[in-house]
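**Student:** Below is the file input-v6.txt, which contains compact mmCIF, N, CA and C atoms.
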# COMPACT_ATOMS: atom_id res chain seq x y z
N MET A 1 -22.10 83.73 158.70
CA MET A 1 -22.74 84.29 159.88
C MET A 1 -22.35 83.46 161.10
N SER A 2 -22.03 84.13 162.18
CA SER A 2 -21.65 83.45 163.42
C SER A 2 -22.84 82.73 164.03
N THR A 3 -22.54 81.66 164.75
CA THR A 3 -23.58 81.01 165.54
C THR A 3 -23.17 81.08 167.01
N PHE A 4 -24.18 81.04 167.86
CA PHE A 4 -23.97 81.25 169.28
C PHE A 4 -24.69 80.19 170.10
N THR A 5 -24.26 80.04 171.35
CA THR A 5 -24.97 79.22 172.32
C THR A 5 -25.30 80.10 173.51
N ILE A 6 -26.41 79.78 174.14
CA ILE A 6 -26.88 80.59 175.26
C ILE A 6 -26.92 79.74 176.52
N GLY A 7 -26.36 80.27 177.60
CA GLY A 7 -26.46 79.65 178.91
C GLY A 7 -27.50 80.39 179.72
N LEU A 8 -28.35 79.63 180.40
CA LEU A 8 -29.46 80.22 181.15
C LEU A 8 -29.45 79.77 182.61
N GLY A 9 -29.68 80.71 183.48
CA GLY A 9 -29.89 80.42 184.89
C GLY A 9 -31.04 81.27 185.36
N CYS A 10 -31.76 80.81 186.38
CA CYS A 10 -32.86 81.62 186.88
C CYS A 10 -33.26 81.21 188.28
N ASP A 11 -33.91 82.15 188.96
CA ASP A 11 -34.52 81.83 190.24
C ASP A 11 -35.70 80.88 189.97
N ARG A 12 -35.95 80.00 190.89
CA ARG A 12 -37.08 79.08 190.79
C ARG A 12 -38.37 79.88 190.64
N GLY A 13 -39.19 79.51 189.66
CA GLY A 13 -40.48 80.16 189.47
C GLY A 13 -40.46 81.44 188.67
N ALA A 14 -39.34 81.73 187.99
CA ALA A 14 -39.29 82.93 187.14
C ALA A 14 -40.36 82.83 186.05
N LEU A 15 -40.90 83.95 185.67
CA LEU A 15 -41.92 83.98 184.62
C LEU A 15 -41.29 83.87 183.24
N LEU A 16 -42.04 83.33 182.31
CA LEU A 16 -41.60 83.25 180.91
C LEU A 16 -41.20 84.63 180.40
N GLN A 17 -41.96 85.67 180.73
CA GLN A 17 -41.64 87.01 180.24
C GLN A 17 -40.29 87.50 180.77
N THR A 18 -39.94 87.13 181.99
CA THR A 18 -38.65 87.52 182.55
C THR A 18 -37.52 86.83 181.79
N VAL A 19 -37.69 85.56 181.49
CA VAL A 19 -36.68 84.83 180.69
C VAL A 19 -36.57 85.47 179.31
N ARG A 20 -37.71 85.72 178.70
CA ARG A 20 -37.74 86.32 177.36
C ARG A 20 -37.00 87.68 177.37
N ASP A 21 -37.32 88.54 178.34
CA ASP A 21 -36.69 89.86 178.42
C ASP A 21 -35.18 89.75 178.59
N ALA A 22 -34.74 88.84 179.46
CA ALA A 22 -33.30 88.67 179.71
C ALA A 22 -32.57 88.17 178.46
N VAL A 23 -33.14 87.18 177.79
CA VAL A 23 -32.49 86.63 176.59
C VAL A 23 -32.42 87.69 175.49
N HIS A 24 -33.50 88.43 175.29
CA HIS A 24 -33.49 89.46 174.24
C HIS A 24 -32.50 90.57 174.56
N ALA A 25 -32.36 90.93 175.84
CA ALA A 25 -31.37 91.94 176.24
C ALA A 25 -29.96 91.43 175.95
N ALA A 26 -29.70 90.17 176.25
CA ALA A 26 -28.37 89.59 176.00
C ALA A 26 -28.08 89.50 174.50
N LEU A 27 -29.08 89.11 173.72
CA LEU A 27 -28.89 89.05 172.26
C LEU A 27 -28.58 90.44 171.70
N ARG A 28 -29.28 91.45 172.20
CA ARG A 28 -28.99 92.84 171.75
C ARG A 28 -27.56 93.21 172.10
N GLU A 29 -27.14 92.87 173.32
CA GLU A 29 -25.77 93.20 173.73
C GLU A 29 -24.74 92.50 172.85
N ALA A 30 -25.05 91.28 172.41
CA ALA A 30 -24.13 90.51 171.56
C ALA A 30 -24.21 90.93 170.09
N GLY A 31 -25.25 91.69 169.74
CA GLY A 31 -25.46 92.03 168.33
C GLY A 31 -25.87 90.80 167.54
N ALA A 32 -26.59 89.88 168.19
CA ALA A 32 -26.98 88.61 167.57
C ALA A 32 -28.49 88.52 167.40
N GLN A 33 -28.90 87.68 166.48
CA GLN A 33 -30.31 87.43 166.22
C GLN A 33 -30.69 86.05 166.76
N PRO A 34 -31.94 85.84 167.17
CA PRO A 34 -32.36 84.54 167.71
C PRO A 34 -32.06 83.37 166.76
N GLU A 35 -32.14 83.61 165.45
CA GLU A 35 -31.89 82.52 164.49
C GLU A 35 -30.41 82.12 164.42
N GLN A 36 -29.53 82.91 165.03
CA GLN A 36 -28.12 82.56 165.08
C GLN A 36 -27.78 81.65 166.26
N VAL A 37 -28.76 81.37 167.11
CA VAL A 37 -28.54 80.54 168.30
C VAL A 37 -28.67 79.07 167.93
N ALA A 38 -27.59 78.33 168.15
CA ALA A 38 -27.57 76.90 167.82
C ALA A 38 -28.16 76.05 168.94
N ALA A 39 -28.00 76.50 170.18
CA ALA A 39 -28.49 75.73 171.33
C ALA A 39 -28.51 76.60 172.56
N ALA A 40 -29.31 76.17 173.52
CA ALA A 40 -29.35 76.82 174.83
C ALA A 40 -29.07 75.74 175.87
N ALA A 41 -28.59 76.15 177.04
CA ALA A 41 -28.22 75.17 178.05
C ALA A 41 -28.40 75.74 179.45
N SER A 42 -28.56 74.83 180.40
CA SER A 42 -28.68 75.20 181.81
C SER A 42 -28.18 74.04 182.65
N ILE A 43 -28.53 74.06 183.92
CA ILE A 43 -28.12 73.04 184.88
C ILE A 43 -29.25 72.01 185.05
N THR A 44 -28.88 70.79 185.37
CA THR A 44 -29.88 69.72 185.53
C THR A 44 -30.95 70.08 186.55
N LEU A 45 -30.62 70.91 187.54
CA LEU A 45 -31.61 71.34 188.54
C LEU A 45 -32.78 72.09 187.90
N LYS A 46 -32.60 72.58 186.68
CA LYS A 46 -33.63 73.38 185.99
C LYS A 46 -34.39 72.57 184.94
N ARG A 47 -34.22 71.25 184.93
CA ARG A 47 -34.92 70.40 183.95
C ARG A 47 -36.43 70.59 183.96
N ASP A 48 -36.97 70.98 185.12
CA ASP A 48 -38.42 71.14 185.25
C ASP A 48 -38.83 72.60 185.40
N GLU A 49 -37.94 73.51 185.07
CA GLU A 49 -38.24 74.95 185.20
C GLU A 49 -39.10 75.37 184.01
N GLU A 50 -40.39 75.58 184.28
CA GLU A 50 -41.37 75.80 183.21
C GLU A 50 -41.01 76.94 182.27
N ALA A 51 -40.55 78.06 182.81
CA ALA A 51 -40.26 79.22 181.96
C ALA A 51 -39.10 78.94 181.00
N LEU A 52 -38.07 78.23 181.47
CA LEU A 52 -36.94 77.90 180.58
C LEU A 52 -37.39 76.95 179.48
N LEU A 53 -38.15 75.93 179.84
CA LEU A 53 -38.65 74.96 178.86
C LEU A 53 -39.56 75.64 177.85
N ALA A 54 -40.45 76.48 178.33
CA ALA A 54 -41.39 77.18 177.45
C ALA A 54 -40.65 78.13 176.52
N PHE A 55 -39.65 78.84 177.04
CA PHE A 55 -38.91 79.77 176.19
C PHE A 55 -38.14 79.03 175.10
N ALA A 56 -37.46 77.96 175.45
CA ALA A 56 -36.70 77.20 174.45
C ALA A 56 -37.63 76.67 173.36
N GLN A 57 -38.79 76.20 173.77
CA GLN A 57 -39.76 75.69 172.79
C GLN A 57 -40.25 76.82 171.89
N GLU A 58 -40.57 77.96 172.49
CA GLU A 58 -41.04 79.13 171.75
C GLU A 58 -39.99 79.59 170.73
N ALA A 59 -38.72 79.56 171.14
CA ALA A 59 -37.62 80.02 170.27
C ALA A 59 -37.20 78.95 169.27
N GLY A 60 -37.63 77.70 169.50
CA GLY A 60 -37.23 76.60 168.61
C GLY A 60 -35.81 76.14 168.86
N TRP A 61 -35.32 76.33 170.09
CA TRP A 61 -33.95 75.95 170.43
C TRP A 61 -33.93 74.64 171.19
N THR A 62 -32.90 73.84 170.95
CA THR A 62 -32.65 72.66 171.76
C THR A 62 -32.11 73.14 173.10
N LEU A 63 -32.62 72.55 174.19
CA LEU A 63 -32.17 72.95 175.52
C LEU A 63 -31.42 71.77 176.15
N HIS A 64 -30.13 71.97 176.41
CA HIS A 64 -29.28 70.94 177.03
C HIS A 64 -29.16 71.22 178.52
N PHE A 65 -29.00 70.16 179.29
CA PHE A 65 -28.82 70.32 180.74
C PHE A 65 -27.53 69.63 181.15
N TYR A 66 -26.74 70.33 181.96
CA TYR A 66 -25.47 69.80 182.44
C TYR A 66 -25.51 69.63 183.96
N ALA A 67 -24.83 68.58 184.43
CA ALA A 67 -24.73 68.33 185.87
C ALA A 67 -23.85 69.39 186.52
N PRO A 68 -24.08 69.67 187.82
CA PRO A 68 -23.26 70.66 188.51
C PRO A 68 -21.76 70.39 188.39
N GLU A 69 -21.36 69.12 188.44
CA GLU A 69 -19.93 68.78 188.35
C GLU A 69 -19.35 69.17 186.99
N GLU A 70 -20.15 68.97 185.92
CA GLU A 70 -19.69 69.34 184.58
C GLU A 70 -19.50 70.85 184.49
N LEU A 71 -20.47 71.60 185.01
CA LEU A 71 -20.39 73.06 184.98
C LEU A 71 -19.24 73.58 185.84
N ALA A 72 -19.05 72.97 187.00
CA ALA A 72 -18.00 73.41 187.92
C ALA A 72 -16.60 73.25 187.34
N ALA A 73 -16.44 72.35 186.37
CA ALA A 73 -15.13 72.10 185.77
C ALA A 73 -14.75 73.13 184.71
N VAL A 74 -15.67 74.03 184.38
CA VAL A 74 -15.43 75.01 183.32
C VAL A 74 -14.95 76.33 183.93
N PRO A 75 -13.75 76.82 183.53
CA PRO A 75 -13.28 78.12 184.02
C PRO A 75 -14.17 79.23 183.46
N VAL A 76 -14.62 80.13 184.33
CA VAL A 76 -15.49 81.24 183.92
C VAL A 76 -14.98 82.55 184.51
N PRO A 77 -15.34 83.68 183.89
CA PRO A 77 -14.86 84.96 184.39
C PRO A 77 -15.58 85.47 185.64
N ASN A 78 -16.79 84.99 185.90
CA ASN A 78 -17.57 85.54 187.01
C ASN A 78 -18.15 84.46 187.93
N PRO A 79 -17.29 83.67 188.58
CA PRO A 79 -17.81 82.64 189.48
C PRO A 79 -18.49 83.28 190.69
N SER A 80 -19.46 82.57 191.26
CA SER A 80 -20.21 83.11 192.40
C SER A 80 -20.33 82.06 193.50
N GLU A 81 -19.91 82.45 194.69
CA GLU A 81 -20.06 81.54 195.83
C GLU A 81 -21.53 81.33 196.20
N THR A 82 -22.35 82.35 195.98
CA THR A 82 -23.79 82.21 196.24
C THR A 82 -24.38 81.14 195.32
N VAL A 83 -24.03 81.21 194.05
CA VAL A 83 -24.52 80.21 193.08
C VAL A 83 -24.01 78.82 193.48
N ARG A 84 -22.74 78.73 193.89
CA ARG A 84 -22.19 77.43 194.30
C ARG A 84 -22.96 76.86 195.49
N ARG A 85 -23.30 77.72 196.45
CA ARG A 85 -24.02 77.27 197.64
C ARG A 85 -25.39 76.65 197.28
N TYR A 86 -26.06 77.24 196.30
CA TYR A 86 -27.40 76.76 195.93
C TYR A 86 -27.40 75.65 194.89
N THR A 87 -26.35 75.59 194.05
CA THR A 87 -26.40 74.66 192.91
C THR A 87 -25.27 73.63 192.87
N GLY A 88 -24.21 73.88 193.64
CA GLY A 88 -23.07 72.97 193.59
C GLY A 88 -22.04 73.34 192.54
N THR A 89 -22.24 74.46 191.85
CA THR A 89 -21.29 74.95 190.86
C THR A 89 -21.21 76.47 190.96
N PRO A 90 -20.03 77.06 190.75
CA PRO A 90 -19.91 78.52 190.86
C PRO A 90 -20.49 79.28 189.66
N SER A 91 -20.90 78.54 188.63
CA SER A 91 -21.45 79.21 187.43
C SER A 91 -22.46 78.31 186.76
N VAL A 92 -23.59 78.88 186.40
CA VAL A 92 -24.56 78.16 185.59
C VAL A 92 -24.56 78.72 184.18
N SER A 93 -24.93 79.99 184.01
CA SER A 93 -25.10 80.51 182.64
C SER A 93 -23.79 80.56 181.84
N GLU A 94 -22.72 81.07 182.43
CA GLU A 94 -21.46 81.16 181.67
C GLU A 94 -20.93 79.77 181.33
N ALA A 95 -20.89 78.89 182.32
CA ALA A 95 -20.36 77.54 182.07
C ALA A 95 -21.24 76.78 181.08
N ALA A 96 -22.56 76.92 181.20
CA ALA A 96 -23.47 76.20 180.28
C ALA A 96 -23.30 76.70 178.85
N ALA A 97 -23.15 78.02 178.67
CA ALA A 97 -22.94 78.56 177.32
C ALA A 97 -21.66 78.01 176.71
N LEU A 98 -20.59 77.95 177.51
CA LEU A 98 -19.30 77.44 177.01
C LEU A 98 -19.37 75.95 176.69
N LEU A 99 -20.00 75.16 177.57
CA LEU A 99 -20.11 73.72 177.31
C LEU A 99 -20.93 73.46 176.05
N ALA A 100 -22.03 74.20 175.89
CA ALA A 100 -22.88 74.00 174.71
C ALA A 100 -22.18 74.40 173.42
N ALA A 101 -21.18 75.29 173.52
CA ALA A 101 -20.45 75.74 172.33
C ALA A 101 -19.48 74.68 171.81
N GLY A 102 -19.16 73.69 172.63
CA GLY A 102 -18.29 72.61 172.17
C GLY A 102 -17.13 72.39 173.12
N PRO A 103 -16.57 71.17 173.09
CA PRO A 103 -15.47 70.81 173.99
C PRO A 103 -14.30 71.78 173.84
N GLY A 104 -13.78 72.21 174.99
CA GLY A 104 -12.59 73.05 174.98
C GLY A 104 -12.81 74.49 174.57
N THR A 105 -14.07 74.92 174.49
CA THR A 105 -14.33 76.31 174.12
C THR A 105 -13.75 77.21 175.21
N PRO A 106 -12.89 78.17 174.84
CA PRO A 106 -12.24 79.01 175.84
C PRO A 106 -13.16 80.11 176.38
N MET A 107 -12.82 80.61 177.56
CA MET A 107 -13.55 81.71 178.18
C MET A 107 -13.70 82.89 177.23
N ALA A 108 -12.69 83.11 176.40
CA ALA A 108 -12.71 84.24 175.46
C ALA A 108 -13.86 84.16 174.47
N ALA A 109 -14.49 83.00 174.33
CA ALA A 109 -15.62 82.85 173.41
C ALA A 109 -16.89 83.51 173.94
N LEU A 110 -16.90 83.87 175.23
CA LEU A 110 -18.09 84.52 175.79
C LEU A 110 -18.21 85.94 175.22
N VAL A 111 -19.28 86.19 174.49
CA VAL A 111 -19.52 87.53 173.95
C VAL A 111 -20.42 88.34 174.89
N VAL A 112 -21.19 87.64 175.71
CA VAL A 112 -21.94 88.26 176.81
C VAL A 112 -21.63 87.41 178.02
N GLU A 113 -21.00 88.01 179.03
CA GLU A 113 -20.61 87.21 180.18
C GLU A 113 -21.81 86.82 181.02
N LYS A 114 -22.24 87.62 181.92
CA LYS A 114 -23.31 87.20 182.84
C LYS A 114 -24.30 88.35 182.96
N LEU A 115 -25.21 88.43 182.01
CA LEU A 115 -26.22 89.47 182.06
C LEU A 115 -27.30 89.02 183.04
N LYS A 116 -27.54 89.84 184.05
CA LYS A 116 -28.52 89.49 185.08
C LYS A 116 -29.67 90.47 185.00
N LEU A 117 -30.89 89.95 184.95
CA LEU A 117 -32.06 90.80 184.87
C LEU A 117 -33.06 90.36 185.93
N ARG A 118 -33.56 91.32 186.68
CA ARG A 118 -34.63 91.05 187.66
C ARG A 118 -35.93 91.49 187.02
N GLY A 119 -36.87 90.55 186.90
CA GLY A 119 -38.13 90.84 186.22
C GLY A 119 -39.18 91.45 187.12
N VAL A 120 -40.34 91.73 186.54
CA VAL A 120 -41.47 92.26 187.31
C VAL A 120 -41.95 91.24 188.35
N ASP A 121 -41.57 89.98 188.16
CA ASP A 121 -41.91 88.91 189.11
C ASP A 121 -40.94 88.89 190.30
N ASN A 122 -39.96 89.82 190.29
CA ASN A 122 -38.93 89.91 191.33
C ASN A 122 -38.01 88.69 191.33
N ARG A 123 -37.92 87.99 190.20
CA ARG A 123 -37.04 86.83 190.04
C ARG A 123 -35.89 87.23 189.11
N ASN A 124 -34.72 86.67 189.38
CA ASN A 124 -33.54 86.93 188.54
C ASN A 124 -33.39 85.86 187.47
N VAL A 125 -32.96 86.32 186.30
CA VAL A 125 -32.57 85.43 185.22
C VAL A 125 -31.18 85.87 184.79
N THR A 126 -30.27 84.92 184.60
CA THR A 126 -28.95 85.23 184.08
C THR A 126 -28.79 84.58 182.72
N VAL A 127 -28.16 85.31 181.82
CA VAL A 127 -27.96 84.83 180.46
C VAL A 127 -26.51 85.10 180.07
N SER A 128 -25.88 84.09 179.48
CA SER A 128 -24.53 84.26 178.91
C SER A 128 -24.58 83.75 177.49
N ILE A 129 -23.78 84.36 176.63
CA ILE A 129 -23.75 83.95 175.22
C ILE A 129 -22.30 83.69 174.81
N ALA A 130 -22.09 82.54 174.17
CA ALA A 130 -20.76 82.17 173.67
C ALA A 130 -20.82 82.02 172.16
N ARG A 131 -19.70 82.38 171.51
CA ARG A 131 -19.57 82.13 170.07
C ARG A 131 -19.23 80.67 169.91
N LYS A 132 -19.98 79.99 169.04
CA LYS A 132 -19.79 78.55 168.87
C LYS A 132 -18.57 78.27 168.01
N ASN A 133 -17.83 77.19 168.38
CA ASN A 133 -16.64 76.76 167.60
C ASN A 133 -17.03 76.42 166.18
Would you put the structure from the file into structure tokens?
**Tutor:**
Amino acid sequence: MSTFTIGLGCDRGALLQTVRDAVHAALREAGAQPEQVAAAASITLKRDEEALLAFAQEAGWTLHFYAPEELAAVPVPNPSETVRRYTGTPSVSEAAALLAAGPGTPMAALVVEKLKLRGVDNRNVTVSIARKN
């Protein structure tokens, strides 16, 4: 059975339900089950983001955080200048998923690129899923 890593990005103050809905939508798109997820990751700016922390704990996943410079060094299919302006890196979810999958994981490992969901809280959550090496 394949294992996957999940990259997470979100607007500040996103609700746990919005994170949950976005992750489950991405897992459905990947044809993956939550128990196939080896790790989740985000940017260091989100170390205190309650919904991300709560979701990882609820799912039983280890949550890794990467510095903007680490994320910026990863080639991704959907870089965003808006994301770069706010975070210092053109990608959070795609780059975090690839980094969590292991050193040198290629862009082709992304099975879900950048699924973006706006929740009832009017906050965006982005989720990317990579196949782990």
**Student:** Using only N, CA and C atoms, which residue out of A:Arg131, A:Trp61, A:Glu29, A:Asp11 lies closest to Thr105 in chain A?
**Tutor:** A:Arg131
**Student:** Which residues are close to range 110-123 of chain A, i.e. within 7 Å by only N, CA and C atoms, leaving aside same-chain residues fewer than 6 positions away? Reply as a ChimeraX atom specification.
**Tutor:** /A:10-15,17-18,22,26,29-30,93-94,129-131
**Student:** Considering only C-alpha atoms, state which residue in the set A:Gly31, A:Pro77, A:Pro68, A:Gly60 is at the smallest distance from Ala96 in chain A.
**Tutor:** A:Pro68
**Student:** Taking the backbone alone, and naming residues the way the document does, which bits of range 36-132 of chain A are helix (DSSP H, G or I) by DSSP, as number ranges by chain?
**Tutor:** A: 36, 44-46, 50-59, 68-72, 81-87, 93-101, 107-109
**Student:** In Å, with one decimal, what is the gap from CA of Arg28 in chain A to CA of Val127 in chain A?
**Tutor:** 11.9 Å
**Student:** Fewer than 3 positions away in the same chain doesn't count, so skip those; otherwise give me all residues within 12 Å of range 102-104 of chain A, counting only C-alpha atoms, as a list of chain:residue names.
**Tutor:**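 Everything that qualifies: A:Thr3, A:Phe4, A:Thr5, A:Ala38, A:Ala39, A:Ala41, A:Glu70, A:Ala73, A:Val74, A:Pro75, A:Ala95, A:Ala96, A:Ala97, A:Leu98, A:Leu99, A:Met107, A:Ala108, A:Ala109, A:Ala130, A:Arg131, A:Lys132, A:Asn133.
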**Student:** Got time to write the residues from that selection, N, CA and C atoms, as an mmCIF file, in the frame of the given file?
**Tutor:**
data_model
loop_
_atom_site.group_PDB
_atom_site.id
_atom_site.type_symbol
_atom_site.label_atom_id
_atom_site.label_comp_id
_atom_site.auth_asym_id
_atom_site.auth_seq_id
_atom_site.Cartn_x
_atom_site.Cartn_y
_atom_site.Cartn_z
ATOM 1 N N THR A 3 -22.540 81.660 164.750
ATOM 2 C CA THR A 3 -23.580 81.010 165.540
ATOM 3 C C THR A 3 -23.170 81.080 167.010
ATOM 4 N N PHE A 4 -24.180 81.040 167.860
ATOM 5 C CA PHE A 4 -23.970 81.250 169.280
ATOM 6 C C PHE A 4 -24.690 80.190 170.100
ATOM 7 N N THR A 5 -24.260 80.040 171.350
ATOM 8 C CA THR A 5 -24.970 79.220 172.320
ATOM 9 C C THR A 5 -25.300 80.100 173.510
ATOM 10 N N ALA A 38 -27.590 78.330 168.150
ATOM 11 C CA ALA A 38 -27.570 76.900 167.820
ATOM 12 C C ALA A 38 -28.160 76.050 168.940
ATOM 13 N N ALA A 39 -28.000 76.500 170.180
ATOM 14 C CA ALA A 39 -28.490 75.730 171.330
ATOM 15 C C ALA A 39 -28.510 76.600 172.560
ATOM 16 N N ALA A 41 -28.590 76.150 177.040
ATOM 17 C CA ALA A 41 -28.220 75.170 178.050
ATOM 18 C C ALA A 41 -28.400 75.740 179.450
ATOM 19 N N GLU A 70 -20.150 68.970 185.920
ATOM 20 C CA GLU A 70 -19.690 69.340 184.580
ATOM 21 C C GLU A 70 -19.500 70.850 184.490
ATOM 22 N N ALA A 73 -16.440 72.350 186.370
ATOM 23 C CA ALA A 73 -15.130 72.100 185.770
ATOM 24 C C ALA A 73 -14.750 73.130 184.710
ATOM 25 N N VAL A 74 -15.670 74.030 184.380
ATOM 26 C CA VAL A 74 -15.430 75.010 183.320
ATOM 27 C C VAL A 74 -14.950 76.330 183.930
ATOM 28 N N PRO A 75 -13.750 76.820 183.530
ATOM 29 C CA PRO A 75 -13.280 78.120 184.020
ATOM 30 C C PRO A 75 -14.170 79.230 183.460
ATOM 31 N N ALA A 95 -20.890 78.890 182.320
ATOM 32 C CA ALA A 95 -20.360 77.540 182.070
ATOM 33 C C ALA A 95 -21.240 76.780 181.080
ATOM 34 N N ALA A 96 -22.560 76.920 181.200
ATOM 35 C CA ALA A 96 -23.470 76.200 180.280
ATOM 36 C C ALA A 96 -23.300 76.700 178.850
ATOM 37 N N ALA A 97 -23.150 78.020 178.670
ATOM 38 C CA ALA A 97 -22.940 78.560 177.320
ATOM 39 C C ALA A 97 -21.660 78.010 176.710
ATOM 40 N N LEU A 98 -20.590 77.950 177.510
ATOM 41 C CA LEU A 98 -19.300 77.440 177.010
ATOM 42 C C LEU A 98 -19.370 75.950 176.690
ATOM 43 N N LEU A 99 -20.000 75.160 177.570
ATOM 44 C CA LEU A 99 -20.110 73.720 177.310
ATOM 45 C C LEU A 99 -20.930 73.460 176.050
ATOM 46 N N MET A 107 -12.820 80.610 177.560
ATOM 47 C CA MET A 107 -13.550 81.710 178.180
ATOM 48 C C MET A 107 -13.700 82.890 177.230
ATOM 49 N N ALA A 108 -12.690 83.110 176.400
ATOM 50 C CA ALA A 108 -12.710 84.240 175.460
ATOM 51 C C ALA A 108 -13.860 84.160 174.470
ATOM 52 N N ALA A 109 -14.490 83.000 174.330
ATOM 53 C CA ALA A 109 -15.620 82.850 173.410
ATOM 54 C C ALA A 109 -16.890 83.510 173.940
ATOM 55 N N ALA A 130 -22.090 82.540 174.170
ATOM 56 C CA ALA A 130 -20.760 82.170 173.670
ATOM 57 C C ALA A 130 -20.820 82.020 172.160
ATOM 58 N N ARG A 131 -19.700 82.380 171.510
ATOM 59 C CA ARG A 131 -19.570 82.130 170.070
ATOM 60 C C ARG A 131 -19.230 80.670 169.910
ATOM 61 N N LYS A 132 -19.980 79.990 169.040
ATOM 62 C CA LYS A 132 -19.790 78.550 168.870
ATOM 63 C C LYS A 132 -18.570 78.270 168.010
ATOM 64 N N ASN A 133 -17.830 77.190 168.380
ATOM 65 C CA ASN A 133 -16.640 76.760 167.600
ATOM 66 C C ASN A 133 -17.030 76.420 166.180
#
**Student:** CA of Pro34 in chain A and CA of Gly9 in chain A, how far apart in Å?
**Tutor:**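 Spanning CA of Gly9 in chain A to CA of Pro34 in chain A is a straight-line distance of 17.8 Å.
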**Student:** Considering only strand (DSSP E) as DSSP defines it on the backbone, what residues of range 73-130 of chain A qualify? List them as a PyMOL selection string.
**Tutor:** chain A and resi 110-118+124-130
**Student:** Find the smallest box with edges along x, y and z containing every listed atom of range 100-113 of chain A, then add 6 Å on each side and report centre and edge lengths in Å to one decimal, as AutoDock Vina command-line options.
**Tutor:**
--center_x -17.6 --center_y 79.6 --center_z 176.4 --size_x 22.6 --size_y 29.5 --size_z 21.2
**Student:** To one decimal place, how far is atom C of Val23 in chain A from atom N of Leu71 in chain A in Å?
**Tutor:**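 Distance between the two atoms: 22.2 Å.
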